[in-house]
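Text of the file query36.pdb, holding PDB, C-alpha atoms:
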```pdb
ATOM      1  CA  MET A   1     -15.452 -14.069  53.374
ATOM      2  CA  LYS A   2     -15.369 -17.853  52.924
ATOM      3  CA  ASN A   3     -11.890 -17.656  51.422
ATOM      4  CA  LYS A   4     -10.648 -15.667  54.413
ATOM      5  CA  ILE A   5     -12.074 -18.230  56.828
ATOM      6  CA  VAL A   6     -10.434 -21.086  54.936
ATOM      7  CA  ASN A   7      -7.105 -19.221  54.866
ATOM      8  CA  ILE A   8      -7.307 -18.552  58.606
ATOM      9  CA  ILE A   9      -8.025 -22.224  59.331
ATOM     10  CA  ILE A  10      -5.125 -23.403  57.150
ATOM     11  CA  PHE A  11      -2.807 -20.829  58.731
ATOM     12  CA  ALA A  12      -3.851 -21.912  62.254
ATOM     13  CA  VAL A  13      -3.325 -25.603  61.459
ATOM     14  CA  ALA A  14       0.072 -24.827  59.913
ATOM     15  CA  ILE A  15       1.114 -22.935  63.051
ATOM     16  CA  LEU A  16      -0.043 -25.877  65.182
ATOM     17  CA  ASP A  17       2.032 -28.250  63.067
ATOM     18  CA  CYS A  18       5.092 -26.007  63.392
ATOM     19  CA  LEU A  19       4.635 -25.895  67.173
ATOM     20  CA  LEU A  20       4.394 -29.700  67.297
ATOM     21  CA  ALA A  21       7.554 -29.978  65.198
ATOM     22  CA  LEU A  22       9.404 -27.541  67.471
ATOM     23  CA  PHE A  23       8.179 -29.383  70.565
ATOM     24  CA  PHE A  24       9.402 -32.664  69.095
ATOM     25  CA  ALA A  25      12.766 -31.107  68.184
ATOM     26  CA  PHE A  26      13.318 -29.692  71.697
ATOM     27  CA  ARG A  27      12.390 -32.891  73.521
ATOM     28  CA  PHE A  28      14.165 -35.240  71.113
ATOM     29  CA  ASP A  29      17.651 -36.272  72.251
ATOM     30  CA  ALA A  30      19.811 -36.349  69.122
ATOM     31  CA  ASP A  31      22.408 -38.489  70.927
ATOM     32  CA  LYS A  32      19.800 -41.260  71.166
ATOM     33  CA  LYS A  33      18.741 -41.076  67.524
ATOM     34  CA  ASP A  34      20.064 -44.558  66.688
ATOM     35  CA  ASN A  35      18.334 -46.050  69.737
ATOM     36  CA  PHE A  36      15.118 -44.285  68.727
ATOM     37  CA  ILE A  37      15.304 -45.728  65.198
ATOM     38  CA  GLN A  38      16.080 -49.211  66.531
ATOM     39  CA  THR A  39      13.133 -49.054  68.910
ATOM     40  CA  GLN A  40      10.836 -47.972  66.063
ATOM     41  CA  GLN A  41      11.990 -50.932  63.964
ATOM     42  CA  VAL A  42      11.331 -53.341  66.811
ATOM     43  CA  GLN A  43       8.010 -51.673  67.636
ATOM     44  CA  ALA A  44       6.871 -52.097  64.024
ATOM     45  CA  GLN A  45       7.517 -55.849  63.929
ATOM     46  CA  CYS A  46       7.468 -57.002  67.531
ATOM     47  CA  PRO A  47       5.720 -54.517  69.848
ATOM     48  CA  ALA A  48       5.519 -57.222  72.516
ATOM     49  CA  LEU A  49       9.301 -57.042  72.998
ATOM     50  CA  VAL A  50       9.178 -53.311  73.732
ATOM     51  CA  SER A  51       6.168 -53.740  76.038
ATOM     52  CA  ASP A  52       7.752 -56.626  77.952
ATOM     53  CA  LEU A  53      10.964 -54.663  78.513
ATOM     54  CA  GLN A  54       8.964 -51.640  79.664
ATOM     55  CA  THR A  55       7.084 -53.671  82.259
ATOM     56  CA  ALA A  56       9.990 -55.883  83.343
ATOM     57  CA  THR A  57      11.321 -55.835  86.888
ATOM     58  CA  PRO A  58      14.875 -56.734  87.965
ATOM     59  CA  GLU A  59      13.457 -60.133  89.001
ATOM     60  CA  SER A  60      11.553 -60.844  85.758
ATOM     61  CA  LEU A  61      14.172 -59.395  83.404
ATOM     62  CA  PRO A  62      16.229 -62.644  83.021
ATOM     63  CA  LYS A  63      13.132 -64.525  81.838
ATOM     64  CA  VAL A  64      12.246 -61.802  79.338
ATOM     65  CA  ILE A  65      15.804 -61.804  77.973
ATOM     66  CA  GLU A  66      15.914 -65.599  77.658
ATOM     67  CA  THR A  67      12.538 -65.697  75.881
ATOM     68  CA  TYR A  68      13.496 -63.173  73.224
ATOM     69  CA  GLN A  69      17.045 -64.429  72.771
ATOM     70  CA  THR A  70      15.585 -67.845  71.929
ATOM     71  CA  SER A  71      12.984 -66.266  69.645
ATOM     72  CA  LEU A  72      15.574 -64.154  67.834
ATOM     73  CA  ARG A  73      17.902 -67.108  67.312
ATOM     74  CA  SER A  74      15.055 -69.008  65.684
ATOM     75  CA  PHE A  75      14.087 -65.993  63.585
ATOM     76  CA  ASN A  76      17.701 -65.488  62.509
ATOM     77  CA  ASP A  77      17.967 -69.136  61.440
ATOM     78  CA  SER A  78      14.865 -68.784  59.265
ATOM     79  CA  LEU A  79      16.251 -65.529  57.880
ATOM     80  CA  ASN A  80      19.444 -67.310  56.863
ATOM     81  CA  GLY A  81      17.219 -69.643  54.854
ATOM     82  CA  VAL A  82      15.630 -66.635  53.163
ATOM     83  CA  GLN A  83      19.088 -65.271  52.376
ATOM     84  CA  LEU A  84      19.965 -68.556  50.675
ATOM     85  CA  GLN A  85      16.828 -68.349  48.515
ATOM     86  CA  LYS A  86      17.636 -64.715  47.725
ATOM     87  CA  ASP A  87      21.193 -65.582  46.694
ATOM     88  CA  ILE A  88      20.003 -68.441  44.486
ATOM     89  CA  LEU A  89      17.490 -66.173  42.770
ATOM     90  CA  TYR A  90      20.145 -63.475  42.308
ATOM     91  CA  THR A  91      22.515 -65.966  40.647
ATOM     92  CA  TYR A  92      19.703 -67.174  38.379
ATOM     93  CA  LEU A  93      18.849 -63.589  37.468
ATOM     94  CA  GLN A  94      22.473 -62.896  36.529
ATOM     95  CA  ASP A  95      22.435 -66.038  34.372
ATOM     96  CA  LEU A  96      19.403 -64.769  32.494
ATOM     97  CA  LYS A  97      20.730 -61.222  32.082
ATOM     98  CA  GLY A  98      23.893 -62.648  30.558
ATOM     99  CA  LEU A  99      21.889 -64.107  27.681
ATOM    100  CA  ASP A 100      22.199 -61.014  25.520
ATOM    101  CA  ASN A 101      21.840 -62.695  22.156
ATOM    102  CA  GLU A 102      19.926 -65.557  20.590
ATOM    103  CA  GLU A 103      22.947 -67.842  20.352
ATOM    104  CA  LYS A 104      23.629 -67.642  24.091
ATOM    105  CA  PHE A 105      19.945 -68.145  24.809
ATOM    106  CA  ASN A 106      19.743 -71.295  22.697
ATOM    107  CA  GLN A 107      22.873 -72.731  24.312
ATOM    108  CA  TYR A 108      21.560 -71.974  27.820
ATOM    109  CA  LYS A 109      18.239 -73.541  26.855
ATOM    110  CA  ALA A 110      19.996 -76.698  25.704
ATOM    111  CA  ASP A 111      22.042 -76.959  28.921
ATOM    112  CA  TYR A 112      19.234 -75.778  31.186
ATOM    113  CA  ASP A 113      18.396 -79.080  32.912
ATOM    114  CA  ALA A 114      21.968 -79.594  34.101
ATOM    115  CA  ARG A 115      22.285 -75.944  35.184
ATOM    116  CA  ALA A 116      18.935 -76.049  36.995
ATOM    117  CA  ASN A 117      19.839 -79.205  38.931
ATOM    118  CA  GLY A 118      22.968 -77.541  40.284
ATOM    119  CA  LEU A 119      21.607 -74.044  40.814
ATOM    120  CA  PHE A 120      18.263 -75.021  42.347
ATOM    121  CA  ALA A 121      19.519 -77.934  44.455
ATOM    122  CA  LYS A 122      18.548 -76.091  47.666
ATOM    123  CA  CYS A 123      15.830 -73.890  46.187
ATOM    124  CA  ASP A 124      12.313 -74.049  47.618
ATOM    125  CA  ASN A 125      10.757 -73.084  44.264
ATOM    126  CA  LYS A 126      12.852 -75.162  41.883
ATOM    127  CA  GLN A 127       9.944 -76.571  39.896
ATOM    128  CA  LYS A 128       8.352 -73.142  39.549
ATOM    129  CA  TYR A 129      11.464 -71.674  37.929
ATOM    130  CA  VAL A 130      12.080 -74.746  35.759
ATOM    131  CA  ASP A 131       8.507 -74.775  34.465
ATOM    132  CA  GLY A 132       8.603 -71.003  33.957
ATOM    133  CA  PHE A 133      11.759 -71.072  31.862
ATOM    134  CA  LYS A 134      10.506 -73.946  29.727
ATOM    135  CA  LYS A 135       7.641 -71.696  28.640
ATOM    136  CA  VAL A 136      10.156 -69.184  27.258
ATOM    137  CA  ASN A 137      10.176 -70.458  23.704
ATOM    138  CA  SER A 138      12.306 -67.784  22.054
ATOM    139  CA  PHE A 139      14.871 -65.101  22.775
ATOM    140  CA  LYS A 140      12.174 -62.462  22.223
ATOM    141  CA  ASP A 141      10.158 -63.854  25.144
ATOM    142  CA  LEU A 142      13.136 -63.781  27.494
ATOM    143  CA  GLU A 143      12.882 -60.110  28.500
ATOM    144  CA  SER A 144       9.361 -60.525  29.872
ATOM    145  CA  TYR A 145      10.455 -63.575  31.885
ATOM    146  CA  ILE A 146      13.490 -61.706  33.260
ATOM    147  CA  ASN A 147      11.271 -58.800  34.345
ATOM    148  CA  GLY A 148       9.074 -61.192  36.324
ATOM    149  CA  ILE A 149      12.070 -62.820  38.021
ATOM    150  CA  GLU A 150      13.560 -59.399  38.794
ATOM    151  CA  LYS A 151      10.351 -58.206  40.462
ATOM    152  CA  GLU A 152      10.262 -61.371  42.544
ATOM    153  CA  TYR A 153      13.903 -60.913  43.519
ATOM    154  CA  ASN A 154      13.398 -57.251  44.487
ATOM    155  CA  ALA A 155      10.428 -58.149  46.689
ATOM    156  CA  LEU A 156      12.375 -60.982  48.336
ATOM    157  CA  LYS A 157      15.405 -58.753  48.856
ATOM    158  CA  GLN A 158      13.303 -55.976  50.347
ATOM    159  CA  ASP A 159      11.604 -58.295  52.842
ATOM    160  CA  TYR A 160      14.971 -59.784  53.729
ATOM    161  CA  LEU A 161      16.549 -56.364  54.375
ATOM    162  CA  VAL A 162      13.615 -55.242  56.524
ATOM    163  CA  ASN A 163      13.754 -58.415  58.606
ATOM    164  CA  ARG A 164      17.554 -58.326  58.837
ATOM    165  CA  ASN A 165      17.425 -54.779  60.168
ATOM    166  CA  TYR A 166      14.740 -55.827  62.646
ATOM    167  CA  VAL A 167      16.935 -58.664  63.920
ATOM    168  CA  LYS A 168      19.871 -56.281  64.369
ATOM    169  CA  ALA A 169      17.710 -53.745  66.199
ATOM    170  CA  ALA A 170      16.044 -56.378  68.395
ATOM    171  CA  ASN A 171      19.367 -58.010  69.270
ATOM    172  CA  ALA A 172      20.768 -54.595  70.205
ATOM    173  CA  LEU A 173      17.793 -53.900  72.465
ATOM    174  CA  VAL A 174      17.885 -57.325  74.121
ATOM    175  CA  GLY A 175      21.687 -57.059  74.376
ATOM    176  CA  LYS A 176      21.347 -53.795  76.282
ATOM    177  CA  ALA A 177      18.859 -55.431  78.628
ATOM    178  CA  ASP A 178      21.249 -58.375  79.064
ATOM    179  CA  MET A 179      24.070 -55.994  80.040
ATOM    180  CA  ILE A 180      21.801 -54.418  82.638
ATOM    181  CA  ASN A 181      20.868 -57.857  83.946
ATOM    182  CA  ALA A 182      24.554 -58.770  84.287
ATOM    183  CA  THR A 183      25.187 -55.826  86.632
ATOM    184  CA  ALA A 184      26.403 -57.063  90.013
ATOM    185  CA  SER A 185      24.870 -54.248  92.031
ATOM    186  CA  GLU A 186      21.123 -54.671  92.510
ATOM    187  CA  THR A 187      20.706 -50.924  93.024
ATOM    188  CA  LYS A 188      22.543 -50.076  89.807
ATOM    189  CA  LYS A 189      20.627 -52.783  87.957
ATOM    190  CA  ALA A 190      17.307 -51.302  89.066
ATOM    191  CA  ASN A 191      18.414 -47.769  88.161
ATOM    192  CA  ASP A 192      19.753 -48.787  84.736
ATOM    193  CA  LEU A 193      16.578 -50.732  83.982
ATOM    194  CA  LYS A 194      14.476 -47.736  84.991
ATOM    195  CA  ALA A 195      16.583 -45.475  82.722
ATOM    196  CA  MET A 196      16.114 -47.831  79.771
ATOM    197  CA  GLN A 197      12.380 -48.037  80.405
ATOM    198  CA  ASP A 198      12.144 -44.248  80.580
ATOM    199  CA  ASP A 199      13.905 -44.071  77.190
ATOM    200  CA  LEU A 200      11.508 -46.612  75.677
ATOM    201  CA  LYS A 201       8.540 -44.660  76.991
ATOM    202  CA  ALA A 202       9.963 -41.409  75.604
ATOM    203  CA  PHE A 203      10.660 -43.064  72.243
ATOM    204  CA  ARG A 204       7.057 -44.241  71.993
ATOM    205  CA  SER A 205       5.782 -40.796  72.918
ATOM    206  CA  ASN A 206       8.096 -39.113  70.399
ATOM    207  CA  ALA A 207       7.001 -41.520  67.676
ATOM    208  CA  LYS A 208       3.339 -40.660  68.282
ATOM    209  CA  LEU A 209       4.164 -36.957  68.216
ATOM    210  CA  GLU A 210       6.183 -37.378  65.021
ATOM    211  CA  ASN A 211       3.341 -39.281  63.371
ATOM    212  CA  THR A 212       0.890 -36.582  64.439
ATOM    213  CA  PHE A 213       2.672 -33.661  62.836
ATOM    214  CA  ILE A 214       3.471 -35.726  59.713
ATOM    215  CA  LEU A 215      -0.254 -36.502  59.467
ATOM    216  CA  ILE A 216      -1.030 -32.787  59.769
ATOM    217  CA  VAL A 217       1.494 -32.028  57.022
ATOM    218  CA  TYR A 218      -0.234 -34.539  54.748
ATOM    219  CA  LEU A 219      -3.613 -33.067  55.692
ATOM    220  CA  LEU A 220      -2.445 -29.543  54.881
ATOM    221  CA  LEU A 221      -0.948 -30.734  51.613
ATOM    222  CA  GLY A 222      -4.168 -32.509  50.698
ATOM    223  CA  VAL A 223      -6.329 -29.489  51.548
ATOM    224  CA  THR A 224      -4.007 -27.150  49.655
ATOM    225  CA  VAL A 225      -3.972 -29.343  46.544
ATOM    226  CA  PHE A 226      -7.747 -29.799  46.753
ATOM    227  CA  MET A 227      -8.346 -26.063  47.023
ATOM    228  CA  MET A 228      -5.880 -25.350  44.231
ATOM    229  CA  VAL A 229      -7.603 -27.827  41.925
ATOM    230  CA  LEU A 230     -11.085 -26.680  42.992
ATOM    231  CA  PHE A 231     -10.381 -22.996  42.389
ATOM    232  CA  ALA A 232      -8.579 -23.768  39.136
ATOM    233  CA  LEU A 233     -11.447 -25.896  37.847
ATOM    234  CA  THR A 234     -13.972 -23.256  38.928
ATOM    235  CA  LYS A 235     -12.081 -20.601  37.026
ATOM    236  CA  ILE A 236     -11.704 -22.871  34.022
ATOM    237  CA  VAL A 237     -15.452 -23.540  33.914
ATOM    238  CA  LYS A 238     -16.299 -19.843  34.226
ATOM    239  CA  GLU A 239     -13.593 -18.533  31.908
ATOM    240  CA  PHE A 240     -12.563 -21.496  29.793
ATOM    241  CA  LYS A 241     -11.187 -19.501  26.875
ATOM    242  CA  THR A 242      -8.758 -17.559  29.066
ATOM    243  CA  SER A 243      -7.989 -20.307  31.606
ATOM    244  CA  TYR A 244      -7.037 -23.309  29.498
ATOM    245  CA  LYS A 245      -3.394 -22.742  30.433
ATOM    246  CA  ILE A 246      -4.206 -23.664  34.037
ATOM    247  CA  LEU A 247      -5.560 -26.995  32.856
ATOM    248  CA  LEU A 248      -2.404 -27.604  30.844
ATOM    249  CA  VAL A 249      -0.228 -26.835  33.885
ATOM    250  CA  LEU A 250      -2.249 -29.224  36.082
ATOM    251  CA  ALA A 251      -2.045 -31.952  33.445
ATOM    252  CA  LEU A 252       1.694 -31.401  33.072
ATOM    253  CA  PHE A 253       2.206 -31.611  36.836
ATOM    254  CA  ALA A 254       0.164 -34.845  36.983
ATOM    255  CA  ILE A 255       2.337 -36.305  34.210
ATOM    256  CA  ILE A 256       5.511 -35.317  36.086
ATOM    257  CA  VAL A 257       4.266 -37.013  39.269
ATOM    258  CA  PHE A 258       3.300 -40.126  37.303
ATOM    259  CA  ILE A 259       6.722 -40.300  35.632
ATOM    260  CA  GLY A 260       8.429 -39.840  39.008
ATOM    261  CA  TYR A 261       6.414 -42.713  40.482
ATOM    262  CA  ALA A 262       6.964 -44.945  37.443
ATOM    263  CA  ILE A 263      10.759 -44.552  37.407
ATOM    264  CA  GLY A 264      11.107 -44.619  41.203
ATOM    265  CA  SER A 265      12.927 -47.669  42.512
ATOM    266  CA  PRO A 266      10.891 -50.021  44.734
ATOM    267  CA  VAL A 267      14.098 -51.290  46.357
ATOM    268  CA  LEU A 268      14.462 -49.694  49.775
ATOM    269  CA  THR A 269      17.688 -47.929  50.666
ATOM    270  CA  PRO A 270      19.164 -48.377  54.179
ATOM    271  CA  ASN A 271      17.723 -44.996  55.227
ATOM    272  CA  ALA A 272      14.305 -45.914  53.851
ATOM    273  CA  ILE A 273      14.382 -49.168  55.797
ATOM    274  CA  LYS A 274      15.342 -47.285  58.965
ATOM    275  CA  ALA A 275      12.422 -44.922  58.378
ATOM    276  CA  GLY A 276      10.053 -47.880  58.094
ATOM    277  CA  LEU A 277       8.924 -47.068  54.542
ATOM    278  CA  THR A 278       7.122 -49.623  52.410
ATOM    279  CA  SER A 279       7.958 -50.174  48.749
ATOM    280  CA  GLY A 280       4.934 -48.119  47.666
ATOM    281  CA  GLY A 281       5.736 -45.374  50.151
ATOM    282  CA  PHE A 282       9.330 -45.215  48.937
ATOM    283  CA  LYS A 283       8.155 -44.887  45.333
ATOM    284  CA  MET A 284       5.898 -42.012  46.442
ATOM    285  CA  VAL A 285       8.903 -40.324  48.074
ATOM    286  CA  ASN A 286      10.801 -40.759  44.812
ATOM    287  CA  ALA A 287       7.863 -39.301  42.904
ATOM    288  CA  ALA A 288       7.694 -36.296  45.252
ATOM    289  CA  ALA A 289      11.444 -35.683  45.000
ATOM    290  CA  PHE A 290      11.391 -36.027  41.212
ATOM    291  CA  SER A 291       8.430 -33.632  40.951
ATOM    292  CA  LEU A 292      10.182 -31.136  43.221
ATOM    293  CA  TYR A 293      13.397 -31.215  41.194
ATOM    294  CA  VAL A 294      11.612 -30.917  37.841
ATOM    295  CA  THR A 295       9.367 -28.115  39.105
ATOM    296  CA  LEU A 296      12.331 -26.262  40.622
ATOM    297  CA  ILE A 297      14.420 -26.599  37.462
ATOM    298  CA  GLY A 298      11.408 -25.551  35.378
ATOM    299  CA  ALA A 299      10.861 -22.474  37.552
ATOM    300  CA  ILE A 300      14.536 -21.481  37.319
ATOM    301  CA  LEU A 301      14.541 -21.937  33.539
ATOM    302  CA  ALA A 302      11.312 -19.949  33.260
ATOM    303  CA  ILE A 303      12.853 -17.089  35.236
ATOM    304  CA  LEU A 304      16.012 -17.133  33.101
ATOM    305  CA  VAL A 305      14.099 -17.307  29.821
ATOM    306  CA  THR A 306      11.747 -14.533  30.917
ATOM    307  CA  SER A 307      14.672 -12.339  31.997
ATOM    308  CA  ILE A 308      16.494 -12.903  28.701
ATOM    309  CA  MET A 309      13.372 -12.194  26.645
ATOM    310  CA  ASN A 310      12.633  -9.003  28.620
ATOM    311  CA  ALA A 311      16.234  -7.879  28.184
ATOM    312  CA  ILE A 312      16.005  -8.434  24.438
ATOM    313  CA  LYS A 313      12.711  -6.534  24.228
ATOM    314  CA  ASN A 314      14.047  -3.638  26.266
ATOM    315  CA  ARG A 315      17.142  -3.512  24.128
ATOM    316  CA  ASN A 316      15.054  -3.274  21.012
TER     317      ASN A 316
END
```
Kindly return the structure encoded in the file as structure tokens.
Amino acid sequence: MKNKIVNIIIFAVAILDCLLALFFAFRFDADKKDNFIQTQQVQAQCPALVSDLQTATPESLPKVIETYQTSLRSFNDSLNGVQLQKDILYTYLQDLKGLDNEEKFNQYKADYDARANGLFAKCDNKQKYVDGFKKVNSFKDLESYINGIEKEYNALKQDYLVNRNYVKAANALVGKADMINATASETKKANDLKAMQDDLKAFRSNAKLENTFILIVYLLLGVTVFMMVLFALTKIVKEFKTSYKILLVLALFAIIVFIGYAIGSPVLTPNAIKAGLTSGGFKMVNAAAFSLYVTLIGAILAILVTSIMNAIKNRN
């Protein structure tokens, strides 16, 4: 009876999630997908910009535009500084990766001071890198040092890409508002501003709806996995001798997920950046995709092997 109740609840929640997804699909304007993504990027980093545009009037719009144009210019200037640091670190990383034997390492070590003075002339962390490399006493220690520099570079690159995409999205949004403000007709200006504000309101509403049904999906997944593990463990405890295979399958699946997470790249792709994923979230997506592919391939192979073995048995 309890199992039936649990199944009914899960089925009802799944139907609710499907209805939310369908509702989102019907109300979402695919032609405004790019605008929706841009608004989400701006909302994630500067919600005040979206709020100020939503509450702006034709009279207050010029002030709002001027404020954020100034802010974005300043942010873009600081981002150019980050790009310089990123490029310096990338060049340094390529230097280090080129040291593929002990002879090259020793030569680079001997010429390091001169190379560092030129390479790190505009670097904010010059002394950190110089002191770090001086602690690399042998070619064997180089790999560990390179790994540390590479992690630092990937993190810097990821932050840079996220912020660069935010600047592009924010400039596009402010640029649209600026075009509306430049309209000669006051009536058309008011109507265009109202249309943009209606879009921003709809985008916010759609984002909340999207987050809701994604949350429900995660909830269903969590409940399903929990129940699967609970029932499996219960059966294993009661019938250990005949159920050890279940434990092996669960352990194997956990290993597959772990491998997928370990080999997943932390560097965000353009689509991942648009989706607002963090480095950890992107690695989880990689782990899920890897687990799905391995499980699917394993299932197909199992079916083929079983079919071949049954055919052989029947033939005999």
So, with only C-alpha atoms as the atoms that count, which of A:Ala114, A:Gly98, A:Met284, A:Gln54 lies closest to Ala195 (chain A)?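 The closest residue to Ala195 (chain A) is A:Gln54.
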Check what the PyMOL selection byres ((chain A and resi 154) around 12) selects in the file above and give those residues as a list in words. Lys86, Asp87, Leu89, Tyr90, Leu93, Asn147, Gly148, Ile149, Glu150, Lys151, Glu152, Tyr153, Ala155, Leu156, Lys157, Gln158, Asp159, Tyr160, Leu161, Ser265, Pro266, Val267, Leu268, Thr269 and Ser279 of chain A
Interatomic distance (Å, one decimal) between CA of Ala56 (chain A) and CA of Val174 (chain A):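 We find that CA of Ala56 (chain A) and CA of Val174 (chain A) lie 12.2 Å from each other.
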Residue among A:Thr57, A:Leu230, A:Tyr92, A:Gly264 lying closest to Leu250 (chain A), counting only C-alpha atoms: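 Checking each candidate against Leu250 (chain A), we get A:Leu230 as the closest.
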Do a neighbour search on region 178-189 of chain A at 10 Å with only C-alpha atoms, toss out local chain neighbours closer than 5 positions, and write the hits as a PyMOL selection string. chain A and resi 57-62+64-66+69+171-173+194-196
Show which residues sit within 8 Å of Leu49 (chain A), as JSON, numbers by chain. Count all atoms listed in the file, and ignore same-chain residues fewer than 6 positions away. {"A": [42, 43, 68]}
May I have the selected residues written with C-alpha atoms, as a PDB file, keeping the file's coordinate frame?
```
ATOM      1  CA  VAL A  42      11.331 -53.341  66.811  1.00  0.00           C
ATOM      2  CA  GLN A  43       8.010 -51.673  67.636  1.00  0.00           C
ATOM      3  CA  TYR A  68      13.496 -63.173  73.224  1.00  0.00           C
TER       4      TYR A  68
END
```
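Going from CA of Leu252 (chain A) to CA of Ala289 (chain A) covers 16.0 Å.
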Expressed in Å to a single decimal, how great is the separation between CA of Val50 (chain A) and CA of Leu200 (chain A)?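 We find that CA of Val50 (chain A) and CA of Leu200 (chain A) lie 7.4 Å from each other.
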What's around Leu142 (chain A) at 12 Å? Count only C-alpha atoms, leave out sequence neighbours fewer than 4 positions away in its own chain, and write the answer as a compact mmCIF listing (two decimals) with C-alpha atoms, keeping the file's coordinate frame.
```
# COMPACT_ATOMS: atom_id res chain seq x y z
CA LEU A 93 18.85 -63.59 37.47
CA ASP A 95 22.44 -66.04 34.37
CA LEU A 96 19.40 -64.77 32.49
CA LYS A 97 20.73 -61.22 32.08
CA GLY A 98 23.89 -62.65 30.56
CA LEU A 99 21.89 -64.11 27.68
CA ASP A 100 22.20 -61.01 25.52
CA ASN A 101 21.84 -62.70 22.16
CA GLU A 102 19.93 -65.56 20.59
CA LYS A 104 23.63 -67.64 24.09
CA PHE A 105 19.94 -68.14 24.81
CA ASN A 106 19.74 -71.30 22.70
CA TYR A 108 21.56 -71.97 27.82
CA LYS A 109 18.24 -73.54 26.86
CA GLY A 132 8.60 -71.00 33.96
CA PHE A 133 11.76 -71.07 31.86
CA LYS A 134 10.51 -73.95 29.73
CA LYS A 135 7.64 -71.70 28.64
CA VAL A 136 10.16 -69.18 27.26
CA ASN A 137 10.18 -70.46 23.70
CA SER A 138 12.31 -67.78 22.05
CA ILE A 146 13.49 -61.71 33.26
CA ASN A 147 11.27 -58.80 34.34
CA GLY A 148 9.07 -61.19 36.32
CA ILE A 149 12.07 -62.82 38.02
```
